[in-house]
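So this block is target-v4.cif, mmCIF, C-alpha atoms:
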data_run
#
loop_
_atom_site.label_atom_id
_atom_site.label_comp_id
_atom_site.auth_asym_id
_atom_site.auth_seq_id
_atom_site.Cartn_x
_atom_site.Cartn_y
_atom_site.Cartn_z
CA MET A 1 20.30 120.54 108.21
CA ASN A 2 20.53 123.71 106.15
CA ASN A 3 17.94 124.88 103.68
CA VAL A 4 17.59 122.95 100.44
CA VAL A 5 15.62 123.44 97.23
CA TRP A 6 12.67 121.13 96.60
CA LYS A 7 10.58 120.87 93.45
CA TYR A 8 6.79 120.74 93.49
CA VAL A 9 4.75 119.85 90.40
CA ILE A 10 1.64 122.02 89.98
CA GLN A 11 -1.35 121.80 87.65
CA PRO A 12 -2.37 125.17 86.17
CA ASN A 13 -5.92 125.06 84.82
CA ALA A 14 -6.25 125.97 81.15
CA VAL A 15 -10.03 126.43 81.28
CA VAL A 16 -10.31 128.99 84.08
CA ASN A 17 -10.78 132.46 82.59
CA GLY A 18 -9.66 134.43 85.63
CA ALA A 19 -7.41 134.27 88.66
CA TYR A 20 -7.52 131.10 90.75
CA THR A 21 -5.66 129.44 93.62
CA ILE A 22 -3.26 126.51 93.34
CA GLU A 23 -2.62 124.68 96.60
CA ILE A 24 0.65 122.79 97.11
CA PRO A 25 0.39 120.16 99.88
CA ASN A 26 3.04 119.00 102.37
CA VAL A 27 5.30 122.06 102.32
CA PRO A 28 7.56 122.66 105.36
CA ILE A 29 6.81 125.81 107.36
CA ASN A 30 8.66 128.96 106.19
CA ALA A 31 9.17 127.60 102.67
CA GLU A 32 10.02 130.29 100.13
CA PRO A 33 9.00 130.00 96.47
CA LEU A 34 12.02 130.75 94.27
CA SER A 35 11.00 130.13 90.67
CA VAL A 36 8.52 128.51 88.32
CA GLY A 37 9.23 126.67 85.09
CA VAL A 38 8.60 123.60 82.96
CA GLN A 39 10.56 120.37 83.36
CA ASN A 40 9.76 117.28 81.28
CA GLY A 41 6.42 118.79 80.23
CA GLU A 42 5.29 119.48 83.82
CA VAL A 43 4.86 122.90 85.41
CA CYS A 44 7.02 123.06 88.55
CA VAL A 45 7.68 125.44 91.42
CA TRP A 46 11.04 125.31 93.18
CA MET A 47 11.07 126.32 96.84
CA LYS A 48 13.75 126.90 99.44
CA VAL A 49 12.79 124.75 102.43
CA ASN A 50 14.20 123.54 105.71
CA PRO A 51 13.36 119.81 105.59
CA ASN A 52 13.47 119.66 109.40
CA ASN A 53 10.57 122.09 109.75
CA PRO A 54 7.10 120.62 110.24
CA LYS A 55 4.90 120.48 107.16
CA ILE A 56 2.09 123.04 107.31
CA GLY A 57 -0.32 121.31 104.97
CA THR A 58 -0.58 123.58 101.94
CA THR A 59 1.07 126.60 100.37
CA LYS A 60 -1.07 128.77 98.11
CA LEU A 61 -0.10 130.28 94.79
CA TRP A 62 -2.33 132.44 92.65
CA CYS A 63 -2.37 131.86 88.91
CA VAL A 64 -3.83 133.70 85.94
CA GLY A 65 -3.54 133.07 82.21
CA THR A 66 -2.42 135.73 79.78
CA GLY A 67 -5.27 138.12 79.01
CA TRP A 68 -7.32 137.23 82.12
CA GLY A 69 -6.20 139.94 84.55
CA THR A 70 -3.65 140.17 87.35
CA ILE A 71 -3.44 139.53 91.09
CA GLU A 72 -3.02 143.18 92.14
CA ASN A 73 -5.96 142.97 94.54
CA LEU A 74 -3.92 140.73 96.86
CA TYR A 75 -1.98 143.37 98.80
CA TYR A 76 0.47 140.83 100.20
CA SER A 77 1.26 139.02 96.95
CA ARG A 78 4.61 138.85 95.19
CA PHE A 79 5.10 137.93 91.54
CA LEU A 80 6.80 134.54 91.19
CA GLY A 81 7.15 134.32 87.43
CA THR A 82 5.68 133.42 84.06
CA VAL A 83 5.68 129.91 82.68
CA ILE A 84 5.02 128.80 79.10
CA ASN A 85 3.90 125.24 78.49
CA GLY A 86 2.95 124.59 74.88
CA ALA A 87 0.21 127.03 73.88
CA TYR A 88 -0.47 128.07 77.49
CA VAL A 89 1.10 130.99 79.34
CA TRP A 90 0.50 131.38 83.10
CA HIS A 91 1.59 134.08 85.54
CA LEU A 92 2.02 133.11 89.19
CA TRP A 93 2.04 135.04 92.45
CA TYR A 94 2.53 133.93 96.05
#
Show the structure stored in the file as C-alpha cells.
Amino acid sequence: MNNVVWKYVIQPNAVVNGAYTIEIPNVPINAEPLSVGVQNGEVCVWMKVNPNNPKIGTTKLWCVGTGWGTIENLYYSRFLGTVINGAYVWHLWY
C-alpha cells in the first residue's frame, strides 16, 4: 500500500510555562508530520504514514506556548506549525 495521511489527536498543556514534549503513540516507522490544526475542538497532527510499516511506539513533538520561548536548542528540530484553540496558541516542532 502507498503512503496515506493519518490524524493523531494531541493534548497541548495550557499550564506548562516552557517547552515540553508531546508523545504520540502507535505511529508507523518513518512517519512524517505534515501539519497541525484544530478539528472539532481537538488539536490534531496529520502525518504521512505507510500503514504497512511496523509501529515504533511513540513519535515526539515539542510544544511551547506563545511567550514561553522557542525550541532552537534542538539542533535537529523542524517547525511544524502554530495552532490556535480558543485562548491558547501553541507552536510545535518535530
Separation of CA of Met47 in chain A from CA of Val15 in chain A, in Å and rounded to one decimal: 26.2 Å
Residue with smallest distance to Gly65 in chain A - pool A:Ala19, A:Ala87, A:Val27, A:Leu34, counting all atoms listed in the file: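 Nearest candidate to Gly65 in chain A out of A:Ala19, A:Ala87, A:Val27, A:Leu34: A:Ala19.
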Exercise: range 89-93 of chain A partners within 10 Å, all atoms listed in the file, chain neighbours under 3 positions left out, as an NGL selection string: :A and (12-14 or 19-22 or 33 or 35-36 or 43 or 45 or 60-72 or 74 or 76-86)
Contact residues around range 52-55 of chain A with all atoms listed in the file at 6 Å, ignoring same-chain residues under 2 positions, as JSON, numbers by chain: {"A": [26, 27, 28, 29, 50, 57]}
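Coordinates place CA of Tyr8 in chain A at a distance of 9.1 Å from CA of Pro25 in chain A.
In this model, the gap between CA of Val49 in chain A and CA of Gly18 in chain A comes to 29.7 Å.
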Taking the structure in the block just given, could you write range 5-52 of chain A with N, CA and C atoms, as a PDB file, in the first residue's frame?
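Dumped everything to out-v4.pdb:
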ATOM      1  N   VAL A   5      -2.410   9.563   4.740  1.00  0.00           N
ATOM      2  CA  VAL A   5      -2.368  10.563   5.807  1.00  0.00           C
ATOM      3  C   VAL A   5      -3.267  10.090   6.940  1.00  0.00           C
ATOM      4  N   TRP A   6      -2.690  10.033   8.137  1.00  0.00           N
ATOM      5  CA  TRP A   6      -3.452   9.695   9.345  1.00  0.00           C
ATOM      6  C   TRP A   6      -3.466  10.895  10.277  1.00  0.00           C
ATOM      7  N   LYS A   7      -4.543  11.002  11.034  1.00  0.00           N
ATOM      8  CA  LYS A   7      -4.706  12.079  12.016  1.00  0.00           C
ATOM      9  C   LYS A   7      -4.452  11.523  13.406  1.00  0.00           C
ATOM     10  N   TYR A   8      -3.733  12.303  14.211  1.00  0.00           N
ATOM     11  CA  TYR A   8      -3.480  11.973  15.611  1.00  0.00           C
ATOM     12  C   TYR A   8      -3.919  13.153  16.470  1.00  0.00           C
ATOM     13  N   VAL A   9      -4.764  12.898  17.458  1.00  0.00           N
ATOM     14  CA  VAL A   9      -5.194  13.935  18.395  1.00  0.00           C
ATOM     15  C   VAL A   9      -4.129  14.069  19.472  1.00  0.00           C
ATOM     16  N   ILE A  10      -3.716  15.318  19.755  1.00  0.00           N
ATOM     17  CA  ILE A  10      -2.727  15.571  20.802  1.00  0.00           C
ATOM     18  C   ILE A  10      -3.341  16.472  21.864  1.00  0.00           C
ATOM     19  N   GLN A  11      -2.685  16.535  23.011  1.00  0.00           N
ATOM     20  CA  GLN A  11      -3.180  17.319  24.139  1.00  0.00           C
ATOM     21  C   GLN A  11      -2.123  18.324  24.588  1.00  0.00           C
ATOM     22  N   PRO A  12      -2.032  19.497  23.952  1.00  0.00           N
ATOM     23  CA  PRO A  12      -1.117  20.517  24.475  1.00  0.00           C
ATOM     24  C   PRO A  12      -1.516  20.895  25.898  1.00  0.00           C
ATOM     25  N   ASN A  13      -0.536  21.253  26.695  1.00  0.00           N
ATOM     26  CA  ASN A  13      -0.751  21.544  28.111  1.00  0.00           C
ATOM     27  C   ASN A  13      -0.737  23.054  28.327  1.00  0.00           C
ATOM     28  N   ALA A  14      -1.863  23.588  28.754  1.00  0.00           N
ATOM     29  CA  ALA A  14      -2.001  25.032  28.911  1.00  0.00           C
ATOM     30  C   ALA A  14      -1.312  25.567  30.159  1.00  0.00           C
ATOM     31  N   VAL A  15      -0.870  24.705  31.057  1.00  0.00           N
ATOM     32  CA  VAL A  15      -0.293  25.209  32.307  1.00  0.00           C
ATOM     33  C   VAL A  15       1.228  25.121  32.349  1.00  0.00           C
ATOM     34  N   VAL A  16       1.848  24.563  31.333  1.00  0.00           N
ATOM     35  CA  VAL A  16       3.308  24.487  31.307  1.00  0.00           C
ATOM     36  C   VAL A  16       3.851  25.797  30.759  1.00  0.00           C
ATOM     37  N   ASN A  17       4.728  26.447  31.524  1.00  0.00           N
ATOM     38  CA  ASN A  17       5.247  27.748  31.087  1.00  0.00           C
ATOM     39  C   ASN A  17       6.654  27.610  30.518  1.00  0.00           C
ATOM     40  N   GLY A  18       6.794  26.704  29.580  1.00  0.00           N
ATOM     41  CA  GLY A  18       8.054  26.483  28.880  1.00  0.00           C
ATOM     42  C   GLY A  18       7.856  25.385  27.853  1.00  0.00           C
ATOM     43  N   ALA A  19       8.935  25.000  27.211  1.00  0.00           N
ATOM     44  CA  ALA A  19       8.867  23.943  26.203  1.00  0.00           C
ATOM     45  C   ALA A  19       8.659  22.590  26.879  1.00  0.00           C
ATOM     46  N   TYR A  20       7.904  21.729  26.243  1.00  0.00           N
ATOM     47  CA  TYR A  20       7.681  20.379  26.757  1.00  0.00           C
ATOM     48  C   TYR A  20       7.443  19.427  25.602  1.00  0.00           C
ATOM     49  N   THR A  21       7.526  18.132  25.901  1.00  0.00           N
ATOM     50  CA  THR A  21       7.402  17.085  24.892  1.00  0.00           C
ATOM     51  C   THR A  21       5.995  16.516  24.880  1.00  0.00           C
ATOM     52  N   ILE A  22       5.471  16.280  23.684  1.00  0.00           N
ATOM     53  CA  ILE A  22       4.213  15.559  23.496  1.00  0.00           C
ATOM     54  C   ILE A  22       4.567  14.259  22.790  1.00  0.00           C
ATOM     55  N   GLU A  23       4.167  13.143  23.357  1.00  0.00           N
ATOM     56  CA  GLU A  23       4.444  11.849  22.743  1.00  0.00           C
ATOM     57  C   GLU A  23       3.175  11.322  22.085  1.00  0.00           C
ATOM     58  N   ILE A  24       3.304  10.871  20.834  1.00  0.00           N
ATOM     59  CA  ILE A  24       2.184  10.301  20.088  1.00  0.00           C
ATOM     60  C   ILE A  24       2.454   8.797  19.948  1.00  0.00           C
ATOM     61  N   PRO A  25       1.608   7.957  20.544  1.00  0.00           N
ATOM     62  CA  PRO A  25       1.845   6.511  20.499  1.00  0.00           C
ATOM     63  C   PRO A  25       1.378   5.872  19.193  1.00  0.00           C
ATOM     64  N   ASN A  26       1.906   4.680  18.926  1.00  0.00           N
ATOM     65  CA  ASN A  26       1.461   3.814  17.823  1.00  0.00           C
ATOM     66  C   ASN A  26       1.576   4.450  16.449  1.00  0.00           C
ATOM     67  N   VAL A  27       2.717   5.050  16.166  1.00  0.00           N
ATOM     68  CA  VAL A  27       2.963   5.670  14.867  1.00  0.00           C
ATOM     69  C   VAL A  27       3.858   4.743  14.045  1.00  0.00           C
ATOM     70  N   PRO A  28       3.489   4.436  12.790  1.00  0.00           N
ATOM     71  CA  PRO A  28       4.355   3.586  11.963  1.00  0.00           C
ATOM     72  C   PRO A  28       5.726   4.222  11.740  1.00  0.00           C
ATOM     73  N   ILE A  29       6.740   3.383  11.632  1.00  0.00           N
ATOM     74  CA  ILE A  29       8.105   3.849  11.403  1.00  0.00           C
ATOM     75  C   ILE A  29       8.149   4.695  10.122  1.00  0.00           C
ATOM     76  N   ASN A  30       9.000   5.711  10.134  1.00  0.00           N
ATOM     77  CA  ASN A  30       9.196   6.658   9.026  1.00  0.00           C
ATOM     78  C   ASN A  30       7.999   7.569   8.786  1.00  0.00           C
ATOM     79  N   ALA A  31       7.134   7.731   9.768  1.00  0.00           N
ATOM     80  CA  ALA A  31       6.021   8.677   9.630  1.00  0.00           C
ATOM     81  C   ALA A  31       6.586  10.097   9.543  1.00  0.00           C
ATOM     82  N   GLU A  32       5.909  10.933   8.784  1.00  0.00           N
ATOM     83  CA  GLU A  32       6.347  12.319   8.606  1.00  0.00           C
ATOM     84  C   GLU A  32       5.231  13.277   8.986  1.00  0.00           C
ATOM     85  N   PRO A  33       5.432  14.080  10.049  1.00  0.00           N
ATOM     86  CA  PRO A  33       4.423  15.088  10.382  1.00  0.00           C
ATOM     87  C   PRO A  33       4.264  16.079   9.233  1.00  0.00           C
ATOM     88  N   LEU A  34       3.006  16.386   8.890  1.00  0.00           N
ATOM     89  CA  LEU A  34       2.721  17.296   7.776  1.00  0.00           C
ATOM     90  C   LEU A  34       2.163  18.635   8.236  1.00  0.00           C
ATOM     91  N   SER A  35       1.216  18.581   9.190  1.00  0.00           N
ATOM     92  CA  SER A  35       0.590  19.825   9.634  1.00  0.00           C
ATOM     93  C   SER A  35      -0.057  19.621  10.990  1.00  0.00           C
ATOM     94  N   VAL A  36      -0.426  20.747  11.591  1.00  0.00           N
ATOM     95  CA  VAL A  36      -1.106  20.751  12.881  1.00  0.00           C
ATOM     96  C   VAL A  36      -2.277  21.717  12.772  1.00  0.00           C
ATOM     97  N   GLY A  37      -3.384  21.395  13.426  1.00  0.00           N
ATOM     98  CA  GLY A  37      -4.555  22.251  13.371  1.00  0.00           C
ATOM     99  C   GLY A  37      -5.590  21.823  14.393  1.00  0.00           C
ATOM    100  N   VAL A  38      -6.745  22.455  14.333  1.00  0.00           N
ATOM    101  CA  VAL A  38      -7.852  22.134  15.238  1.00  0.00           C
ATOM    102  C   VAL A  38      -9.009  21.597  14.411  1.00  0.00           C
ATOM    103  N   GLN A  39      -9.553  20.459  14.836  1.00  0.00           N
ATOM    104  CA  GLN A  39     -10.732  19.884  14.208  1.00  0.00           C
ATOM    105  C   GLN A  39     -11.707  19.501  15.314  1.00  0.00           C
ATOM    106  N   ASN A  40     -12.911  20.003  15.234  1.00  0.00           N
ATOM    107  CA  ASN A  40     -13.953  19.718  16.230  1.00  0.00           C
ATOM    108  C   ASN A  40     -13.481  19.988  17.652  1.00  0.00           C
ATOM    109  N   GLY A  41     -12.723  21.073  17.840  1.00  0.00           N
ATOM    110  CA  GLY A  41     -12.262  21.467  19.167  1.00  0.00           C
ATOM    111  C   GLY A  41     -11.067  20.696  19.685  1.00  0.00           C
ATOM    112  N   GLU A  42     -10.499  19.773  18.887  1.00  0.00           N
ATOM    113  CA  GLU A  42      -9.343  18.993  19.314  1.00  0.00           C
ATOM    114  C   GLU A  42      -8.122  19.382  18.489  1.00  0.00           C
ATOM    115  N   VAL A  43      -6.967  19.464  19.162  1.00  0.00           N
ATOM    116  CA  VAL A  43      -5.724  19.758  18.459  1.00  0.00           C
ATOM    117  C   VAL A  43      -5.236  18.462  17.816  1.00  0.00           C
ATOM    118  N   CYS A  44      -4.946  18.523  16.514  1.00  0.00           N
ATOM    119  CA  CYS A  44      -4.584  17.327  15.749  1.00  0.00           C
ATOM    120  C   CYS A  44      -3.294  17.557  14.973  1.00  0.00           C
ATOM    121  N   VAL A  45      -2.564  16.453  14.772  1.00  0.00           N
ATOM    122  CA  VAL A  45      -1.401  16.433  13.894  1.00  0.00           C
ATOM    123  C   VAL A  45      -1.701  15.425  12.797  1.00  0.00           C
ATOM    124  N   TRP A  46      -1.482  15.840  11.549  1.00  0.00           N
ATOM    125  CA  TRP A  46      -1.660  14.934  10.419  1.00  0.00           C
ATOM    126  C   TRP A  46      -0.281  14.489   9.967  1.00  0.00           C
ATOM    127  N   MET A  47      -0.144  13.161   9.758  1.00  0.00           N
ATOM    128  CA  MET A  47       1.145  12.595   9.374  1.00  0.00           C
ATOM    129  C   MET A  47       1.002  11.727   8.141  1.00  0.00           C
ATOM    130  N   LYS A  48       2.032  11.775   7.297  1.00  0.00           N
ATOM    131  CA  LYS A  48       2.123  10.846   6.171  1.00  0.00           C
ATOM    132  C   LYS A  48       2.735   9.559   6.716  1.00  0.00           C
ATOM    133  N   VAL A  49       2.029   8.448   6.538  1.00  0.00           N
ATOM    134  CA  VAL A  49       2.499   7.166   7.062  1.00  0.00           C
ATOM    135  C   VAL A  49       2.351   6.077   6.009  1.00  0.00           C
ATOM    136  N   ASN A  50       3.149   5.043   6.155  1.00  0.00           N
ATOM    137  CA  ASN A  50       2.948   3.812   5.407  1.00  0.00           C
ATOM    138  C   ASN A  50       2.321   2.841   6.404  1.00  0.00           C
ATOM    139  N   PRO A  51       1.034   2.519   6.256  1.00  0.00           N
ATOM    140  CA  PRO A  51       0.351   1.690   7.254  1.00  0.00           C
ATOM    141  C   PRO A  51       0.901   0.271   7.342  1.00  0.00           C
ATOM    142  N   ASN A  52       1.722  -0.139   6.369  1.00  0.00           N
ATOM    143  CA  ASN A  52       2.333  -1.469   6.417  1.00  0.00           C
ATOM    144  C   ASN A  52       3.601  -1.505   7.262  1.00  0.00           C
TER     145      ASN A  52
END
